[in-house]
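**Student:** File my_file02.cif below, mmCIF, C-alpha atoms:
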```
data_model
loop_
_atom_site.group_PDB
_atom_site.id
_atom_site.type_symbol
_atom_site.label_atom_id
_atom_site.label_comp_id
_atom_site.auth_asym_id
_atom_site.auth_seq_id
_atom_site.Cartn_x
_atom_site.Cartn_y
_atom_site.Cartn_z
ATOM 1 C CA MET A 1 -111.663 -25.566 11.228
ATOM 2 C CA SER A 2 -110.042 -22.475 12.733
ATOM 3 C CA SER A 3 -107.069 -20.892 11.012
ATOM 4 C CA GLY A 4 -105.327 -18.003 12.685
ATOM 5 C CA LEU A 5 -106.519 -15.290 14.972
ATOM 6 C CA THR A 6 -110.021 -14.111 15.735
ATOM 7 C CA LEU A 7 -111.091 -10.624 14.720
ATOM 8 C CA ASP A 8 -110.927 -9.522 18.347
ATOM 9 C CA GLU A 9 -107.364 -10.859 18.676
ATOM 10 C CA LEU A 10 -106.379 -9.030 15.467
ATOM 11 C CA ARG A 11 -107.854 -5.792 16.782
ATOM 12 C CA THR A 12 -105.969 -6.205 20.058
ATOM 13 C CA GLU A 13 -102.694 -6.834 18.200
ATOM 14 C CA LEU A 14 -103.299 -3.832 15.947
ATOM 15 C CA ARG A 15 -104.047 -1.544 18.915
ATOM 16 C CA HIS A 16 -100.835 -2.761 20.555
ATOM 17 C CA LEU A 17 -98.724 -2.052 17.435
ATOM 18 C CA VAL A 18 -100.276 1.380 16.906
ATOM 19 C CA ALA A 19 -99.703 2.249 20.570
ATOM 20 C CA LEU A 20 -96.046 1.226 20.257
ATOM 21 C CA ALA A 21 -95.578 3.253 17.086
ATOM 22 C CA ASP A 22 -97.336 6.324 18.460
ATOM 23 C CA SER A 23 -95.761 6.306 21.910
ATOM 24 C CA ALA A 24 -92.145 5.650 20.992
ATOM 25 C CA GLU A 25 -90.026 8.754 20.803
ATOM 26 C CA ARG A 26 -88.741 9.239 17.315
ATOM 27 C CA PRO A 27 -85.026 9.932 16.967
ATOM 28 C CA LYS A 28 -83.923 13.397 15.966
ATOM 29 C CA PRO A 29 -81.974 13.660 12.704
ATOM 30 C CA ASP A 30 -78.212 13.284 12.995
ATOM 31 C CA VAL A 31 -77.632 15.854 10.254
ATOM 32 C CA ILE A 32 -79.712 18.543 8.595
ATOM 33 C CA ASN A 33 -78.293 18.985 5.118
ATOM 34 C CA PRO A 34 -78.323 22.649 4.023
ATOM 35 C CA PRO A 35 -80.129 23.959 0.912
ATOM 36 C CA ALA A 36 -76.893 23.789 -1.133
ATOM 37 C CA HIS A 37 -76.585 20.017 -0.490
ATOM 38 C CA SER A 38 -77.636 17.695 -3.348
ATOM 39 C CA MET A 39 -80.144 16.077 -0.968
ATOM 40 C CA ALA A 40 -81.066 18.997 1.287
ATOM 41 C CA GLY A 41 -83.183 17.895 4.235
ATOM 42 C CA HIS A 42 -82.993 15.660 7.295
ATOM 43 C CA GLU A 43 -80.651 12.705 7.619
ATOM 44 C CA TRP A 44 -80.497 9.863 10.128
ATOM 45 C CA ARG A 45 -77.410 7.654 10.417
ATOM 46 C CA VAL A 46 -77.373 4.150 11.853
ATOM 47 C CA MET A 47 -74.098 2.330 12.436
ATOM 48 C CA GLN A 48 -74.214 -1.348 11.513
ATOM 49 C CA GLU A 49 -72.252 -3.895 13.499
ATOM 50 C CA ALA A 50 -69.880 -5.687 11.145
ATOM 51 C CA PRO A 51 -67.005 -7.316 13.033
ATOM 52 C CA TYR A 52 -64.929 -8.080 9.920
ATOM 53 C CA ALA A 53 -65.389 -4.741 8.146
ATOM 54 C CA SER A 54 -62.516 -2.260 7.984
ATOM 55 C CA ARG A 55 -64.831 0.331 9.556
ATOM 56 C CA GLN A 56 -68.430 0.218 10.698
ATOM 57 C CA PRO A 57 -70.786 0.670 7.744
ATOM 58 C CA LEU A 58 -73.410 3.340 7.965
ATOM 59 C CA TRP A 59 -77.073 3.155 6.963
ATOM 60 C CA VAL A 60 -78.240 6.576 5.829
ATOM 61 C CA ILE A 61 -81.920 7.538 5.783
ATOM 62 C CA ARG A 62 -82.949 10.859 4.296
ATOM 63 C CA THR A 63 -85.971 13.001 3.626
ATOM 64 C CA VAL A 64 -85.443 15.628 0.959
ATOM 65 C CA ASP A 65 -86.849 19.152 0.941
ATOM 66 C CA GLU A 66 -86.985 19.412 -2.882
ATOM 67 C CA THR A 67 -90.596 19.745 -4.096
ATOM 68 C CA GLU A 68 -90.388 16.960 -6.701
ATOM 69 C CA THR A 69 -88.856 14.410 -4.324
ATOM 70 C CA ARG A 70 -90.205 15.282 -0.891
ATOM 71 C CA ASP A 71 -92.875 12.552 -0.978
ATOM 72 C CA ALA A 72 -90.352 9.739 -0.384
ATOM 73 C CA VAL A 73 -87.934 8.364 2.189
ATOM 74 C CA TYR A 74 -84.479 7.615 0.792
ATOM 75 C CA VAL A 75 -82.530 4.688 2.250
ATOM 76 C CA ALA A 76 -78.908 3.723 1.552
ATOM 77 C CA GLN A 77 -77.855 0.297 2.749
ATOM 78 C CA PRO A 78 -74.072 -0.058 2.623
ATOM 79 C CA ASP A 79 -72.107 -3.207 1.928
ATOM 80 C CA PRO A 80 -70.154 -3.767 5.171
ATOM 81 C CA TYR A 81 -67.107 -5.004 3.260
ATOM 82 C CA VAL A 82 -66.729 -2.034 0.911
ATOM 83 C CA THR A 83 -65.185 1.256 2.004
ATOM 84 C CA TYR A 84 -67.392 4.101 0.814
ATOM 85 C CA ASP A 85 -67.051 7.810 0.491
ATOM 86 C CA TRP A 86 -70.314 8.297 2.444
ATOM 87 C CA GLU A 87 -71.215 11.541 0.706
ATOM 88 C CA ARG A 88 -70.649 10.398 -2.887
ATOM 89 C CA GLN A 89 -70.947 6.648 -3.331
ATOM 90 C CA LEU A 90 -74.072 5.507 -1.537
ATOM 91 C CA ASP A 91 -77.034 4.434 -3.655
ATOM 92 C CA PHE A 92 -80.294 5.707 -2.220
ATOM 93 C CA VAL A 93 -83.468 3.726 -2.784
ATOM 94 C CA PRO A 94 -86.672 5.787 -2.629
ATOM 95 C CA MET A 95 -89.500 4.329 -0.560
ATOM 96 C CA SER A 96 -93.006 5.593 -0.018
ATOM 97 C CA PRO A 97 -93.689 6.688 3.566
ATOM 98 C CA LEU A 98 -95.999 3.660 3.921
ATOM 99 C CA GLY A 99 -93.270 1.294 2.687
ATOM 100 C CA ALA A 100 -90.748 2.895 5.035
ATOM 101 C CA ARG A 101 -93.140 2.440 7.981
ATOM 102 C CA ARG A 102 -93.702 -1.214 7.049
ATOM 103 C CA LEU A 103 -89.940 -1.764 6.903
ATOM 104 C CA ALA A 104 -89.484 -0.052 10.276
ATOM 105 C CA MET A 105 -92.241 -2.149 11.883
ATOM 106 C CA ALA A 106 -90.817 -5.359 10.393
ATOM 107 C CA LEU A 107 -87.372 -4.481 11.779
ATOM 108 C CA LEU A 108 -88.891 -3.815 15.220
ATOM 109 C CA ALA A 109 -90.791 -7.117 15.140
ATOM 110 C CA ALA A 110 -87.707 -9.053 14.038
ATOM 111 C CA ALA A 111 -85.544 -7.387 16.690
ATOM 112 C CA ASP A 112 -88.136 -8.204 19.354
ATOM 113 C CA ARG A 113 -88.198 -11.843 18.258
ATOM 114 C CA ALA A 114 -84.381 -12.045 18.201
ATOM 115 C CA ASP A 115 -84.265 -10.645 21.756
ATOM 116 C CA HIS A 116 -86.790 -13.240 22.921
ATOM 117 C CA LEU A 117 -84.910 -16.081 21.220
ATOM 118 C CA ALA A 118 -81.606 -14.951 22.753
ATOM 119 C CA ALA A 119 -83.255 -14.809 26.196
ATOM 120 C CA ASP A 120 -84.955 -18.181 25.556
ATOM 121 C CA VAL A 121 -88.342 -16.647 26.361
ATOM 122 C CA PRO A 122 -91.217 -17.982 24.240
ATOM 123 C CA ARG A 123 -93.637 -15.505 22.706
ATOM 124 C CA LEU A 124 -97.320 -16.031 21.996
ATOM 125 C CA GLU A 125 -96.810 -14.646 18.456
ATOM 126 C CA ASP A 126 -94.369 -17.456 17.620
ATOM 127 C CA HIS A 127 -97.129 -20.015 18.039
ATOM 128 C CA ARG A 128 -99.597 -18.298 15.733
ATOM 129 C CA PRO A 129 -99.738 -19.249 12.076
ATOM 130 C CA ALA A 130 -98.230 -16.772 9.624
ATOM 131 C CA VAL A 131 -100.735 -14.820 7.601
#
```
For this file, write the structure as structure tokens.

**Tutor:**
Amino acid sequence: MSSGLTLDELRTELRHLVALADSAERPKPDVINPPAHSMAGHEWRVMQEAPYASRQPLWVIRTVDETETRDAVYVAQPDPYVTYDWERQLDFVPMSPLGARRLAMALLAAADRADHLAADVPRLEDHRPAV
């Protein structure tokens, strides 16, 4: 009884994912917070579509230059229905770089699937059992 992919198929999928991750141009930070900032370092901002929000909520992703905290990625996910003071009221969740990469890859995979579903184009991956 066969369940799932063969080792060769897994290797092919892994090579494909690594090639995508390595070849995609990474976005430049939107802001570089100066040394005097409470979270000095690089910051990326991603606007979230929220049609009923008073203004578009902003995801904020930061890396911090401080020695004790530089080994993490900090992510703030806003509530689209709450108006925030973006500099003072966001709660940042620390993630390991590995966890942040897993989240990024999961978001890419989900976005790819949503695009295929919207275009009504079946994908081979959708017919494989979940692991």

**Student:** Could you check how far CA of Arg62 (chain A) sits from CA of Tyr74 (chain A), in Å to one decimal?

**Tutor:** 5.0 Å

**Student:** Name the closest residue to Ser38 (chain A) among the candidates A:Asp65, A:Asp115, A:Asp91, A:Asp120; distances are taken between atoms, counting only C-alpha atoms.

**Tutor:**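 For Ser38 (chain A), the nearest of the candidates is A:Asp65.
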
**Student:** For Val46 (chain A), please output as an mmCIF file with C-alpha atoms, in the frame of the given file all residues within 12 Å (counting only C-alpha atoms; exclusion window: fewer than 5 positions along the same chain).

**Tutor:**
```cif
data_model
loop_
_atom_site.group_PDB
_atom_site.id
_atom_site.type_symbol
_atom_site.label_atom_id
_atom_site.label_comp_id
_atom_site.auth_asym_id
_atom_site.auth_seq_id
_atom_site.Cartn_x
_atom_site.Cartn_y
_atom_site.Cartn_z
ATOM 1 C CA PRO A 27 -85.026 9.932 16.967
ATOM 2 C CA PRO A 29 -81.974 13.660 12.704
ATOM 3 C CA ASP A 30 -78.212 13.284 12.995
ATOM 4 C CA VAL A 31 -77.632 15.854 10.254
ATOM 5 C CA GLN A 56 -68.430 0.218 10.698
ATOM 6 C CA PRO A 57 -70.786 0.670 7.744
ATOM 7 C CA LEU A 58 -73.410 3.340 7.965
ATOM 8 C CA TRP A 59 -77.073 3.155 6.963
ATOM 9 C CA VAL A 60 -78.240 6.576 5.829
ATOM 10 C CA ILE A 61 -81.920 7.538 5.783
ATOM 11 C CA ARG A 62 -82.949 10.859 4.296
ATOM 12 C CA VAL A 75 -82.530 4.688 2.250
ATOM 13 C CA ALA A 76 -78.908 3.723 1.552
ATOM 14 C CA GLN A 77 -77.855 0.297 2.749
ATOM 15 C CA PRO A 78 -74.072 -0.058 2.623
#
```

**Student:** Kindly provide, as lines of an AutoDock Vina configuration file, the centre and edge lengths (Å, one decimal) of an axis-aligned box around all atoms of region 29-48 of chain A given in the file, with 6 Å on each side.

**Tutor:**
```
center_x = -78.6
center_y = 11.3
center_z = 4.8
size_x = 21.1
size_y = 37.3
size_z = 28.3
```

**Student:** List the residues selected by the PyMOL selection byres ((chain A and resi 71) around 12) in the file shown, writing them as a PyMOL selection string.

**Tutor:** chain A and resi 62-70+72-74+94-100

**Student:** Report, in Å to a single decimal, how far apart CA of Pro129 (chain A) and CA of Thr6 (chain A) are.

**Tutor:** 12.1 Å

**Student:** One decimal, in Å: what's the spacing between CA of Ala50 (chain A) and CA of Ala111 (chain A)?

**Tutor:**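 Between CA of Ala50 (chain A) and CA of Ala111 (chain A) the gap is 16.7 Å.
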
**Student:** Looking at A:Asp79, A:Asp112, A:Thr12, A:Asn33, which one is nearest to Ala53 (chain A), with distances taken over all atoms listed in the file?

**Tutor:** A:Asp79
